[in-house]
>>> print(open('start-v3.txt').read())   # compact mmCIF, C-alpha atoms and all ligand atoms
# COMPACT_ATOMS: atom_id res chain seq x y z
CA MET P 1 -34.71 -15.04 -49.66
CA ASP P 2 -36.75 -18.25 -49.77
CA SER P 3 -34.03 -20.88 -49.60
CA LYS P 4 -36.42 -23.83 -49.89
CA GLN P 5 -38.10 -22.48 -52.99
CA LEU P 6 -34.74 -21.66 -54.60
CA ALA P 7 -33.46 -25.16 -53.82
CA ALA P 8 -36.57 -26.74 -55.30
CA GLN P 9 -36.15 -24.73 -58.51
CA LEU P 10 -32.49 -25.79 -58.73
CA GLN P 11 -33.02 -29.47 -57.96
CA GLU P 12 -32.81 -30.63 -61.58
CA TYR P 13 -29.63 -28.58 -62.16
CA VAL P 14 -28.01 -29.95 -58.99
CA VAL P 15 -28.88 -33.56 -59.83
CA SER P 16 -27.49 -33.23 -63.33
CA PHE P 17 -24.24 -31.58 -62.12
CA ARG P 18 -23.89 -34.24 -59.43
CA ARG P 19 -24.25 -37.04 -61.97
CA GLU P 20 -21.63 -35.46 -64.21
CA LEU P 21 -19.17 -35.24 -61.29
CA HIS P 22 -20.07 -38.79 -60.25
CA GLU P 23 -19.07 -40.10 -63.68
CA HIS P 24 -15.66 -38.42 -63.43
CA PRO P 25 -14.25 -39.15 -59.96
CA GLU P 26 -10.64 -38.26 -59.22
CA LEU P 27 -8.32 -39.14 -56.32
CA SER P 28 -7.02 -36.66 -53.75
CA ASN P 29 -4.68 -33.99 -55.17
CA GLN P 30 -5.46 -35.21 -58.72
CA GLU P 31 -8.82 -33.44 -59.14
CA PHE P 32 -7.70 -31.62 -62.31
CA TRP P 33 -10.77 -32.39 -64.45
CA THR P 34 -13.07 -31.67 -61.50
CA THR P 35 -11.36 -28.35 -60.72
CA ASP P 36 -11.57 -27.27 -64.37
CA ARG P 37 -15.22 -28.29 -64.60
CA ILE P 38 -16.17 -26.43 -61.41
CA ALA P 39 -14.17 -23.34 -62.44
CA LYS P 40 -15.93 -23.32 -65.82
CA GLU P 41 -19.32 -23.51 -64.13
CA LEU P 42 -18.47 -20.67 -61.73
CA GLU P 43 -17.15 -18.51 -64.56
CA GLY P 44 -20.37 -19.22 -66.44
CA MET P 45 -22.17 -17.52 -63.54
CA GLY P 46 -20.00 -14.43 -63.99
CA LEU P 47 -17.74 -15.16 -61.00
CA THR P 48 -13.99 -14.66 -60.89
CA VAL P 49 -12.35 -17.86 -59.76
CA ARG P 50 -9.20 -18.39 -57.75
CA ARG P 51 -7.41 -21.68 -58.28
CA PHE P 52 -5.24 -23.42 -55.73
CA ASP P 53 -2.06 -25.40 -56.22
CA PRO P 54 -2.34 -28.14 -57.44
CA THR P 55 -6.14 -28.45 -57.33
CA GLY P 56 -9.22 -26.81 -55.82
CA VAL P 57 -10.92 -23.54 -56.56
CA CYS P 58 -12.90 -20.80 -54.83
CA ALA P 59 -14.92 -17.75 -55.83
CA ASP P 60 -16.45 -14.77 -54.02
CA ILE P 61 -20.11 -13.83 -54.41
CA VAL P 62 -20.03 -10.13 -53.56
CA GLY P 63 -23.37 -8.93 -52.26
CA GLY P 64 -25.12 -5.69 -53.12
CA LYS P 65 -24.88 -4.45 -49.54
CA PRO P 66 -21.78 -4.04 -47.38
CA GLY P 67 -21.00 -6.66 -44.73
CA LYS P 68 -18.57 -9.33 -43.60
CA MET P 69 -17.37 -12.37 -45.50
CA ILE P 70 -18.41 -15.92 -44.66
CA ALA P 71 -17.38 -19.14 -46.41
CA LEU P 72 -19.12 -22.30 -47.54
CA ARG P 73 -16.94 -25.33 -48.18
CA ALA P 74 -17.47 -28.53 -50.17
CA ASP P 75 -14.88 -31.24 -50.77
CA ILE P 76 -14.44 -32.67 -54.28
CA ASP P 77 -12.24 -35.77 -54.22
CA ALA P 78 -13.06 -39.48 -54.64
CA LEU P 79 -11.72 -42.81 -53.40
CA PRO P 80 -9.74 -45.74 -54.84
CA VAL P 81 -12.84 -47.97 -54.96
CA GLN P 82 -14.19 -49.93 -57.96
CA GLU P 83 -17.82 -48.82 -58.29
CA ASP P 84 -20.44 -51.56 -58.30
CA THR P 85 -23.73 -49.65 -58.10
CA GLY P 86 -25.03 -50.34 -61.61
CA LEU P 87 -26.06 -46.68 -61.88
CA PRO P 88 -26.40 -45.29 -65.43
CA PHE P 89 -24.04 -42.48 -64.37
CA ALA P 90 -21.53 -44.78 -62.63
CA SER P 91 -17.83 -43.95 -62.58
CA LYS P 92 -16.05 -43.95 -65.94
CA ASN P 93 -12.68 -43.95 -64.19
CA GLU P 94 -11.52 -47.51 -63.49
CA GLY P 95 -10.93 -48.13 -59.80
CA VAL P 96 -12.01 -44.66 -58.68
CA MET P 97 -15.41 -43.84 -57.21
CA HIS P 98 -17.25 -41.04 -55.47
CA ALA P 99 -17.98 -43.47 -52.63
CA CYS P 100 -18.09 -40.81 -49.91
CA GLY P 101 -20.57 -38.48 -51.61
CA HIS P 102 -18.18 -35.58 -52.25
CA ASP P 103 -19.79 -35.32 -55.71
CA THR P 104 -23.04 -34.42 -53.91
CA HIS P 105 -21.23 -31.88 -51.70
CA ALA P 106 -19.76 -30.08 -54.71
CA ALA P 107 -23.06 -30.18 -56.60
CA MET P 108 -25.06 -28.85 -53.65
CA LEU P 109 -22.58 -26.01 -53.20
CA MET P 110 -22.79 -25.26 -56.92
CA GLY P 111 -26.59 -25.11 -56.63
CA ALA P 112 -26.36 -22.77 -53.62
CA THR P 113 -23.85 -20.62 -55.52
CA LYS P 114 -26.25 -20.27 -58.44
CA ALA P 115 -29.04 -19.25 -56.06
CA LEU P 116 -26.88 -16.74 -54.16
CA VAL P 117 -25.56 -15.21 -57.40
CA SER P 118 -29.15 -14.74 -58.63
CA LYS P 119 -30.01 -12.95 -55.36
CA LYS P 120 -26.70 -11.21 -54.74
CA ASP P 121 -28.24 -7.73 -54.59
CA GLU P 122 -29.99 -8.83 -51.39
CA LEU P 123 -26.79 -10.15 -49.75
CA ALA P 124 -25.24 -8.04 -46.99
CA GLY P 125 -21.61 -9.06 -47.44
CA THR P 126 -19.64 -11.66 -49.37
CA VAL P 127 -20.00 -15.42 -49.60
CA ARG P 128 -16.81 -17.30 -50.50
CA VAL P 129 -17.56 -20.71 -52.00
CA ILE P 130 -14.67 -23.14 -51.54
CA PHE P 131 -14.34 -26.34 -53.56
CA GLN P 132 -11.67 -28.12 -51.55
CA PRO P 133 -9.53 -30.98 -52.87
CA ALA P 134 -7.93 -33.85 -50.97
CA GLU P 135 -10.26 -34.42 -48.04
CA GLU P 136 -9.84 -38.19 -48.17
CA ASN P 137 -6.11 -37.97 -47.42
CA VAL P 138 -6.86 -35.06 -45.04
CA THR P 139 -4.34 -32.69 -46.61
CA GLY P 140 -6.62 -30.41 -48.64
CA ALA P 141 -7.97 -28.07 -45.99
CA ARG P 142 -4.53 -27.41 -44.51
CA MET P 143 -3.11 -26.81 -47.99
CA LEU P 144 -5.83 -24.25 -48.78
CA VAL P 145 -5.45 -22.49 -45.43
CA LYS P 146 -1.71 -22.12 -46.20
CA GLN P 147 -2.63 -20.62 -49.57
CA GLY P 148 -4.84 -18.03 -47.88
CA VAL P 149 -8.34 -19.40 -48.46
CA LEU P 150 -9.56 -18.06 -45.11
CA ASP P 151 -8.07 -14.55 -45.45
CA GLY P 152 -10.88 -12.13 -44.61
CA VAL P 153 -13.33 -14.92 -43.71
CA SER P 154 -15.17 -14.51 -40.39
CA MET P 155 -17.13 -17.78 -40.27
CA ILE P 156 -17.14 -21.04 -42.24
CA PHE P 157 -19.74 -23.77 -42.80
CA GLY P 158 -19.72 -27.19 -44.41
CA GLN P 159 -21.80 -30.32 -44.54
CA HIS P 160 -21.35 -34.04 -45.14
CA ILE P 161 -23.96 -36.35 -46.54
CA ALA P 162 -24.52 -39.46 -44.40
CA GLY P 163 -25.41 -42.39 -46.62
CA MET P 164 -27.67 -44.21 -44.22
CA MET P 165 -29.37 -41.29 -42.42
CA PRO P 166 -32.96 -40.59 -43.57
CA VAL P 167 -33.68 -38.07 -46.34
CA GLY P 168 -34.61 -34.67 -44.94
CA ALA P 169 -32.78 -35.22 -41.65
CA MET P 170 -29.93 -32.99 -40.56
CA SER P 171 -27.76 -32.58 -37.51
CA THR P 172 -25.10 -30.36 -35.99
CA ALA P 173 -23.82 -29.90 -32.45
CA ALA P 174 -21.44 -27.48 -30.75
CA GLY P 175 -18.11 -28.78 -29.52
CA PRO P 176 -15.91 -31.65 -30.71
CA SER P 177 -17.74 -33.48 -33.50
CA ALA P 178 -15.10 -35.44 -35.39
CA ALA P 179 -11.96 -36.99 -33.97
CA ALA P 180 -8.37 -35.95 -34.50
CA SER P 181 -6.69 -38.59 -36.63
CA ASP P 182 -2.93 -39.04 -36.23
CA HIS P 183 -0.55 -41.73 -37.43
CA PHE P 184 2.55 -43.41 -36.12
CA VAL P 185 5.30 -45.78 -37.10
CA ILE P 186 7.31 -47.67 -34.48
CA LYS P 187 10.56 -49.27 -35.57
CA VAL P 188 11.88 -52.01 -33.32
CA HIS P 189 15.54 -52.90 -33.70
CA GLY P 190 16.89 -56.24 -32.50
CA LYS P 191 19.59 -58.56 -33.80
CA SER P 192 18.85 -61.26 -36.33
CA CYS P 193 20.25 -64.73 -35.99
CA HIS P 194 19.57 -68.38 -36.82
CA GLY P 195 16.06 -69.43 -35.85
CA ALA P 196 17.45 -72.45 -34.04
CA MET P 197 19.80 -70.32 -31.88
CA PRO P 198 17.57 -67.46 -30.66
CA ASN P 199 19.85 -66.78 -27.69
CA THR P 200 22.50 -65.42 -30.06
CA GLY P 201 20.25 -62.58 -31.28
CA ALA P 202 17.49 -60.24 -30.06
CA ASP P 203 14.05 -61.05 -31.47
CA ALA P 204 12.41 -57.91 -32.92
CA THR P 205 9.19 -59.86 -33.66
CA LEU P 206 8.74 -60.86 -30.03
CA ALA P 207 9.51 -57.34 -28.79
CA ALA P 208 7.17 -55.72 -31.32
CA ALA P 209 4.37 -58.18 -30.52
CA ASN P 210 4.61 -57.18 -26.86
CA VAL P 211 4.63 -53.51 -27.85
CA VAL P 212 1.33 -54.07 -29.71
CA CYS P 213 -0.22 -55.62 -26.61
CA ALA P 214 1.13 -52.99 -24.23
CA LEU P 215 -0.11 -50.11 -26.40
CA GLN P 216 -3.64 -51.31 -25.64
CA SER P 217 -3.11 -50.28 -22.03
CA ILE P 218 -3.02 -46.59 -23.02
CA VAL P 219 -6.77 -46.36 -23.62
CA SER P 220 -7.74 -48.93 -20.98
CA ARG P 221 -5.42 -47.79 -18.14
CA GLU P 222 -4.06 -44.28 -18.80
CA ILE P 223 -7.06 -42.35 -20.15
CA ALA P 224 -10.21 -41.51 -18.20
CA PRO P 225 -12.91 -44.07 -19.05
CA ALA P 226 -15.39 -41.45 -20.28
CA GLU P 227 -12.84 -39.84 -22.63
CA PRO P 228 -13.04 -41.30 -26.16
CA ALA P 229 -9.74 -42.45 -27.63
CA VAL P 230 -8.50 -45.16 -29.99
CA VAL P 231 -5.05 -46.66 -30.55
CA THR P 232 -5.04 -49.08 -33.48
CA VAL P 233 -2.02 -50.93 -34.79
CA GLY P 234 -2.99 -51.70 -38.36
CA GLN P 235 0.35 -52.86 -39.72
CA PHE P 236 3.01 -55.26 -38.43
CA MET P 237 5.97 -56.08 -40.64
CA SER P 238 8.78 -58.30 -39.47
CA GLY P 239 11.13 -61.01 -40.63
CA THR P 240 12.45 -62.38 -43.90
CA ALA P 241 12.38 -66.16 -43.46
CA LYS P 242 10.73 -68.85 -41.35
CA ASN P 243 14.02 -69.96 -39.85
CA VAL P 244 15.58 -66.57 -39.11
CA VAL P 245 15.03 -64.54 -35.94
CA SER P 246 13.96 -61.13 -37.14
CA GLY P 247 16.29 -58.23 -36.44
CA GLU P 248 13.88 -55.45 -37.46
CA ALA P 249 10.14 -54.97 -37.02
CA GLU P 250 7.89 -52.10 -37.99
CA LEU P 251 4.44 -51.22 -36.63
CA GLY P 252 2.09 -48.73 -38.22
CA GLY P 253 -1.06 -47.38 -36.65
CA THR P 254 -3.60 -44.65 -36.11
CA VAL P 255 -4.58 -42.70 -33.00
CA ARG P 256 -7.98 -41.00 -32.61
CA THR P 257 -8.80 -38.47 -29.91
CA PHE P 258 -11.63 -36.04 -29.24
CA SER P 259 -9.76 -33.47 -27.18
CA ARG P 260 -6.92 -31.23 -28.33
CA GLU P 261 -5.27 -31.53 -24.88
CA LEU P 262 -5.31 -35.32 -24.83
CA ARG P 263 -4.13 -35.39 -28.44
CA LYS P 264 -0.89 -33.62 -27.50
CA THR P 265 -0.06 -36.22 -24.83
CA MET P 266 -0.31 -39.27 -27.08
CA PRO P 267 3.22 -39.38 -28.61
CA GLU P 268 4.84 -39.45 -25.14
CA ARG P 269 2.62 -42.38 -24.13
CA LEU P 270 3.41 -44.41 -27.25
CA GLU P 271 7.12 -43.66 -27.11
CA ARG P 272 7.49 -44.53 -23.41
CA ILE P 273 5.76 -47.88 -23.85
CA ALA P 274 7.51 -48.78 -27.12
CA LYS P 275 11.01 -47.98 -25.81
CA GLN P 276 10.65 -49.64 -22.43
CA ILE P 277 8.91 -52.78 -23.67
CA ALA P 278 11.52 -53.14 -26.43
CA ALA P 279 14.28 -52.74 -23.83
CA ALA P 280 12.78 -55.57 -21.77
CA TYR P 281 13.48 -57.84 -24.76
CA ARG P 282 17.01 -56.47 -25.37
CA CYS P 283 15.78 -54.42 -28.34
CA THR P 284 15.42 -50.70 -28.97
CA ALA P 285 12.49 -48.79 -30.46
CA GLU P 286 11.92 -45.42 -32.06
CA LEU P 287 8.67 -43.61 -32.70
CA ASP P 288 7.78 -41.48 -35.70
CA TYR P 289 4.53 -39.62 -34.94
CA ASP P 290 2.58 -37.59 -37.47
CA PHE P 291 -0.11 -35.13 -36.32
CA SER P 292 -2.41 -35.50 -39.30
CA VAL P 293 -5.81 -33.87 -38.81
CA ASP P 294 -7.12 -31.85 -35.88
CA VAL P 295 -10.27 -32.36 -33.80
CA LEU P 296 -13.26 -30.80 -35.55
CA VAL P 297 -14.61 -28.33 -32.98
CA ASN P 298 -17.89 -26.69 -33.90
CA ASP P 299 -17.95 -23.12 -32.58
CA GLU P 300 -20.92 -22.27 -30.30
CA ALA P 301 -22.04 -19.16 -32.19
CA ALA P 302 -21.53 -20.70 -35.64
CA THR P 303 -23.41 -23.83 -34.55
CA GLU P 304 -26.35 -21.68 -33.39
CA VAL P 305 -26.47 -20.10 -36.87
CA ALA P 306 -26.28 -23.53 -38.54
CA LYS P 307 -28.93 -25.00 -36.26
CA GLY P 308 -31.24 -22.04 -36.94
CA ALA P 309 -30.77 -22.53 -40.69
CA ILE P 310 -31.47 -26.27 -40.43
CA LEU P 311 -34.70 -25.67 -38.51
CA LYS P 312 -35.83 -23.28 -41.27
CA VAL P 313 -35.18 -25.75 -44.11
CA ILE P 314 -36.29 -29.12 -42.74
CA ASP P 315 -39.95 -30.04 -43.03
CA ASP P 316 -40.33 -31.45 -39.54
CA PRO P 317 -38.37 -30.24 -36.47
CA LYS P 318 -38.09 -33.90 -35.43
CA MET P 319 -35.76 -34.35 -38.41
CA PHE P 320 -33.15 -32.27 -36.56
CA LEU P 321 -31.33 -35.24 -35.06
CA THR P 322 -29.70 -34.66 -31.68
CA ASN P 323 -28.85 -38.23 -30.77
CA LEU P 324 -26.23 -39.18 -33.37
CA PRO P 325 -23.68 -41.53 -31.83
CA ARG P 326 -20.18 -40.11 -31.56
CA GLN P 327 -17.84 -41.75 -34.01
CA MET P 328 -14.08 -41.61 -34.25
CA GLY P 329 -13.83 -40.86 -37.96
CA ALA P 330 -11.94 -37.74 -39.04
CA GLU P 331 -13.03 -34.87 -41.29
CA ASP P 332 -10.49 -32.36 -42.49
CA PHE P 333 -12.95 -29.46 -42.19
CA ALA P 334 -11.36 -29.64 -38.71
CA GLU P 335 -8.32 -27.77 -40.04
CA TYR P 336 -10.42 -24.64 -40.60
CA THR P 337 -11.89 -24.58 -37.09
CA PRO P 338 -8.80 -23.44 -35.15
CA VAL P 339 -8.43 -20.54 -37.65
CA VAL P 340 -12.00 -19.17 -37.90
CA PRO P 341 -15.21 -20.12 -36.08
CA GLY P 342 -17.05 -22.78 -38.03
CA ALA P 343 -19.83 -25.34 -37.92
CA PHE P 344 -20.19 -28.61 -39.76
CA ALA P 345 -23.56 -30.23 -40.42
CA ILE P 346 -24.60 -33.76 -41.31
CA LEU P 347 -27.22 -34.31 -44.00
CA GLY P 348 -29.33 -37.45 -44.38
CA GLY P 349 -28.61 -39.20 -47.69
CA GLY P 350 -31.33 -41.89 -47.60
CA GLY P 351 -29.13 -44.69 -48.97
CA GLU P 352 -28.68 -48.31 -47.97
CA TYR P 353 -24.91 -48.70 -47.85
CA PRO P 354 -22.28 -47.04 -45.69
CA GLN P 355 -19.81 -44.46 -46.91
CA HIS P 356 -16.79 -45.86 -48.83
CA SER P 357 -18.74 -48.99 -49.90
CA ASN P 358 -18.54 -49.90 -53.62
CA HIS P 359 -22.37 -49.98 -53.50
CA PHE P 360 -22.67 -46.50 -51.96
CA THR P 361 -25.61 -44.54 -53.36
CA ILE P 362 -27.83 -41.75 -52.05
CA ASP P 363 -31.40 -40.66 -52.66
CA GLU P 364 -31.03 -37.51 -54.75
CA LYS P 365 -34.09 -35.99 -53.03
CA SER P 366 -31.73 -35.35 -50.12
CA LEU P 367 -29.78 -32.81 -52.18
CA GLU P 368 -32.65 -30.32 -52.08
CA THR P 369 -32.42 -30.08 -48.28
CA GLY P 370 -28.65 -29.64 -48.47
CA VAL P 371 -28.86 -26.85 -51.05
CA ALA P 372 -31.54 -25.03 -49.03
CA PHE P 373 -29.35 -25.34 -45.93
CA LEU P 374 -26.30 -23.80 -47.65
CA ILE P 375 -28.33 -20.86 -49.00
CA GLN P 376 -29.99 -20.29 -45.63
CA VAL P 377 -26.88 -20.60 -43.50
CA ALA P 378 -25.00 -18.16 -45.76
CA CYS P 379 -27.74 -15.52 -45.47
CA ASP P 380 -28.19 -16.05 -41.73
CA ALA P 381 -24.45 -15.90 -41.05
CA LEU P 382 -24.11 -12.63 -42.98
CA ASN P 383 -26.99 -11.19 -40.99
CA SER P 384 -25.81 -12.53 -37.61
NI NI S 401 -16.27 -37.78 -46.93
>>> encode(input="start-v3.txt", output="structure tokens")
Amino acid sequence: MDSKQLAAQLQEYVVSFRRELHEHPELSNQEFWTTDRIAKELEGMGLTVRRFDPTGVCADIVGGKPGKMIALRADIDALPVQEDTGLPFASKNEGVMHACGHDTHAAMLMGATKALVSKKDELAGTVRVIFQPAEENVTGARMLVKQGVLDGVSMIFGQHIAGMMPVGAMSTAAGPSAAASDHFVIKVHGKSCHGAMPNTGADATLAAANVVCALQSIVSREIAPAEPAVVTVGQFMSGTAKNVVSGEAELGGTVRTFSRELRKTMPERLERIAKQIAAAYRCTAELDYDFSVDVLVNDEAATEVAKGAILKVIDDPKMFLTNLPRQMGAEDFAEYTPVVPGAFAILGGGGEYPQHSNHFTIDEKSLETGVAFLIQVACDALNS
């Protein structure tokens, strides 16, 4: 199967489907139009679709020869961003925009599906194509796993377009490749009183402010310097009036880690510091910790398959980038990787603005490489 030639033939189809999706962005868990549109397209190719609750859809391309089942995944949701690109196919939904490129992911997977359906007699096994909702709020993958999307699947692959990476470039690497992203709320309880008589109360603002500072010692003093980790307090709410000592404060934040072992130890660290610092100021504190999305760990064998496929579809081996800086963003493809071996690739998008910007655009030439990659990795994984 010549994946590059198939992708070139499908380029016009993929661009047009991408533009249609781009015009109709929908937020996480509300991708009803998108799910219907994708399902209709898959059914038009003669596939039987399976819908998920409330959104998302998958279909199986059953090959002409026996073999295992592998899965390809694209995410389909958009962001609460007001588009300002001036594109003729800009968002028609006020305040919602495909600013992360998930429209391109879905369109590339649709192109690969069309190619694989046309060549299904040559396939040794089954390719499950998964159009996953709710990546942006990192709940979609877990929801689909619970609904059985990976039943029978032996390997899974996905890709993300990177707005500012050059067209034709791709990357993947074995091991941890996107951070775990977890959230916390710390409530600090004190005793409110008149602002002019602070000694008669217990100042929750002062205690919480010191908790914020002390939390910074987790990364700087408790974790090995070469181990990436982030503790960010993004929210601080306290007080009702200028002349009242606050009796209650609330902190909200995010924790990023690159190791599953370190991840597990983080709630104890936050709780110990919050409680004991609060106590020093005659307050109490409680921690509510939410394990949100796992570390994305690319499996060795799956990554070898993905890397092999990339080297077959890129024009110049130098465009296989091996020096991408580690970043602490999360990707909910991670939720598949503890269940089945998987590999996630990054595709150059050739744009000028970063992901989630209201100016985010990509060079549509990049889609051809992404489609060729999906076709190739599916065939190679079935034959591996
Ligand atoms: Ni994204």
>>> closest_atom_pairs(input="start-v3.txt", of="chain P", to="ligand NI 401 (chain S)", cutoff="12 Å", atoms="all atoms listed in the file", output="JSON lines")
{"residue": "P:Ser28", "atom": "CA", "partner": "S:NI401", "partner_atom": "NI", "distance": 11.5}
{"residue": "P:Ala74", "atom": "CA", "partner": "S:NI401", "partner_atom": "NI", "distance": 9.9}
{"residue": "P:Asp75", "atom": "CA", "partner": "S:NI401", "partner_atom": "NI", "distance": 7.7}
{"residue": "P:Ile76", "atom": "CA", "partner": "S:NI401", "partner_atom": "NI", "distance": 9.1}
{"residue": "P:Asp77", "atom": "CA", "partner": "S:NI401", "partner_atom": "NI", "distance": 8.6}
{"residue": "P:Ala78", "atom": "CA", "partner": "S:NI401", "partner_atom": "NI", "distance": 8.5}
{"residue": "P:Leu79", "atom": "CA", "partner": "S:NI401", "partner_atom": "NI", "distance": 9.4}
{"residue": "P:Met97", "atom": "CA", "partner": "S:NI401", "partner_atom": "NI", "distance": 12.0}
{"residue": "P:His98", "atom": "CA", "partner": "S:NI401", "partner_atom": "NI", "distance": 9.2}
{"residue": "P:Ala99", "atom": "CA", "partner": "S:NI401", "partner_atom": "NI", "distance": 8.2}
{"residue": "P:Cys100", "atom": "CA", "partner": "S:NI401", "partner_atom": "NI", "distance": 4.6}
{"residue": "P:Gly101", "atom": "CA", "partner": "S:NI401", "partner_atom": "NI", "distance": 6.4}
{"residue": "P:His102", "atom": "CA", "partner": "S:NI401", "partner_atom": "NI", "distance": 6.1}
{"residue": "P:Asp103", "atom": "CA", "partner": "S:NI401", "partner_atom": "NI", "distance": 9.8}
{"residue": "P:Thr104", "atom": "CA", "partner": "S:NI401", "partner_atom": "NI", "distance": 10.3}
{"residue": "P:His105", "atom": "CA", "partner": "S:NI401", "partner_atom": "NI", "distance": 9.1}
{"residue": "P:Ala106", "atom": "CA", "partner": "S:NI401", "partner_atom": "NI", "distance": 11.5}
{"residue": "P:Gln132", "atom": "CA", "partner": "S:NI401", "partner_atom": "NI", "distance": 11.7}
{"residue": "P:Pro133", "atom": "CA", "partner": "S:NI401", "partner_atom": "NI", "distance": 11.3}
{"residue": "P:Ala134", "atom": "CA", "partner": "S:NI401", "partner_atom": "NI", "distance": 10.1}
{"residue": "P:Glu135", "atom": "CA", "partner": "S:NI401", "partner_atom": "NI", "distance": 7.0}
{"residue": "P:Glu136", "atom": "CA", "partner": "S:NI401", "partner_atom": "NI", "distance": 6.6}
{"residue": "P:Asn137", "atom": "CA", "partner": "S:NI401", "partner_atom": "NI", "distance": 10.2}
{"residue": "P:Val138", "atom": "CA", "partner": "S:NI401", "partner_atom": "NI", "distance": 10.0}
{"residue": "P:Gly158", "atom": "CA", "partner": "S:NI401", "partner_atom": "NI", "distance": 11.4}
{"residue": "P:Gln159", "atom": "CA", "partner": "S:NI401", "partner_atom": "NI", "distance": 9.6}
{"residue": "P:His160", "atom": "CA", "partner": "S:NI401", "partner_atom": "NI", "distance": 6.6}
{"residue": "P:Ile161", "atom": "CA", "partner": "S:NI401", "partner_atom": "NI", "distance": 7.8}
{"residue": "P:Ala162", "atom": "CA", "partner": "S:NI401", "partner_atom": "NI", "distance": 8.8}
{"residue": "P:Gly163", "atom": "CA", "partner": "S:NI401", "partner_atom": "NI", "distance": 10.2}
{"residue": "P:Ala178", "atom": "CA", "partner": "S:NI401", "partner_atom": "NI", "distance": 11.8}
{"residue": "P:Gly329", "atom": "CA", "partner": "S:NI401", "partner_atom": "NI", "distance": 9.8}
{"residue": "P:Ala330", "atom": "CA", "partner": "S:NI401", "partner_atom": "NI", "distance": 9.0}
{"residue": "P:Glu331", "atom": "CA", "partner": "S:NI401", "partner_atom": "NI", "distance": 7.1}
{"residue": "P:Asp332", "atom": "CA", "partner": "S:NI401", "partner_atom": "NI", "distance": 9.1}
{"residue": "P:Phe333", "atom": "CA", "partner": "S:NI401", "partner_atom": "NI", "distance": 10.1}
{"residue": "P:Ile346", "atom": "CA", "partner": "S:NI401", "partner_atom": "NI", "distance": 10.8}
{"residue": "P:Leu347", "atom": "CA", "partner": "S:NI401", "partner_atom": "NI", "distance": 11.9}
{"residue": "P:Pro354", "atom": "CA", "partner": "S:NI401", "partner_atom": "NI", "distance": 11.1}
{"residue": "P:Gln355", "atom": "CA", "partner": "S:NI401", "partner_atom": "NI", "distance": 7.6}
{"residue": "P:His356", "atom": "CA", "partner": "S:NI401", "partner_atom": "NI", "distance": 8.3}
{"residue": "P:Ser357", "atom": "CA", "partner": "S:NI401", "partner_atom": "NI", "distance": 11.9}
{"residue": "P:Phe360", "atom": "CA", "partner": "S:NI401", "partner_atom": "NI", "distance": 11.9}
>>> write_last_selection(input="start-v3.txt", atoms="C-alpha atoms", output="short mmCIF file (atom, residue, chain, number, x, y, z; two decimals), in the coordinates of the input")
data_model
loop_
_atom_site.label_atom_id
_atom_site.label_comp_id
_atom_site.auth_asym_id
_atom_site.auth_seq_id
_atom_site.Cartn_x
_atom_site.Cartn_y
_atom_site.Cartn_z
CA SER P 28 -7.02 -36.66 -53.75
CA ALA P 74 -17.47 -28.53 -50.17
CA ASP P 75 -14.88 -31.24 -50.77
CA ILE P 76 -14.44 -32.67 -54.28
CA ASP P 77 -12.24 -35.77 -54.22
CA ALA P 78 -13.06 -39.48 -54.64
CA LEU P 79 -11.72 -42.81 -53.40
CA MET P 97 -15.41 -43.84 -57.21
CA HIS P 98 -17.25 -41.04 -55.47
CA ALA P 99 -17.98 -43.47 -52.63
CA CYS P 100 -18.09 -40.81 -49.91
CA GLY P 101 -20.57 -38.48 -51.61
CA HIS P 102 -18.18 -35.58 -52.25
CA ASP P 103 -19.79 -35.32 -55.71
CA THR P 104 -23.04 -34.42 -53.91
CA HIS P 105 -21.23 -31.88 -51.70
CA ALA P 106 -19.76 -30.08 -54.71
CA GLN P 132 -11.67 -28.12 -51.55
CA PRO P 133 -9.53 -30.98 -52.87
CA ALA P 134 -7.93 -33.85 -50.97
CA GLU P 135 -10.26 -34.42 -48.04
CA GLU P 136 -9.84 -38.19 -48.17
CA ASN P 137 -6.11 -37.97 -47.42
CA VAL P 138 -6.86 -35.06 -45.04
CA GLY P 158 -19.72 -27.19 -44.41
CA GLN P 159 -21.80 -30.32 -44.54
CA HIS P 160 -21.35 -34.04 -45.14
CA ILE P 161 -23.96 -36.35 -46.54
CA ALA P 162 -24.52 -39.46 -44.40
CA GLY P 163 -25.41 -42.39 -46.62
CA ALA P 178 -15.10 -35.44 -35.39
CA GLY P 329 -13.83 -40.86 -37.96
CA ALA P 330 -11.94 -37.74 -39.04
CA GLU P 331 -13.03 -34.87 -41.29
CA ASP P 332 -10.49 -32.36 -42.49
CA PHE P 333 -12.95 -29.46 -42.19
CA ILE P 346 -24.60 -33.76 -41.31
CA LEU P 347 -27.22 -34.31 -44.00
CA PRO P 354 -22.28 -47.04 -45.69
CA GLN P 355 -19.81 -44.46 -46.91
CA HIS P 356 -16.79 -45.86 -48.83
CA SER P 357 -18.74 -48.99 -49.90
CA PHE P 360 -22.67 -46.50 -51.96
#
>>> closest_residue(input="start-v3.txt", among="P:Pro338, P:Gly252, P:Gly239, P:Gly348", to="Lys187 of chain P", atoms="all atoms listed in the file")
P:Gly252
>>> closest_residue(input="start-v3.txt", among="P:Ala285, P:Ser171, P:Phe89, P:Leu42", to="Leu321 of chain P", atoms="all atoms listed in the file")
P:Ser171
>>> residues_near_point(input="start-v3.txt", point="(-15.6, -42.9, -66.7)", cutoff="6 Å", atoms="all atoms listed in the file", output="VMD selection string")
chain P and resid 23 to 24 91 to 93
>>> atom_distance(input="start-v3.txt", atom1="atom CA of Phe157 of chain P", atom2="atom CA of Met108 of chain P")
13.1 Å
>>> atom_distance(input="start-v3.txt", atom1="atom CA of Arg18 of chain P", atom2="atom CA of Ala107 of chain P")
5.0 Å
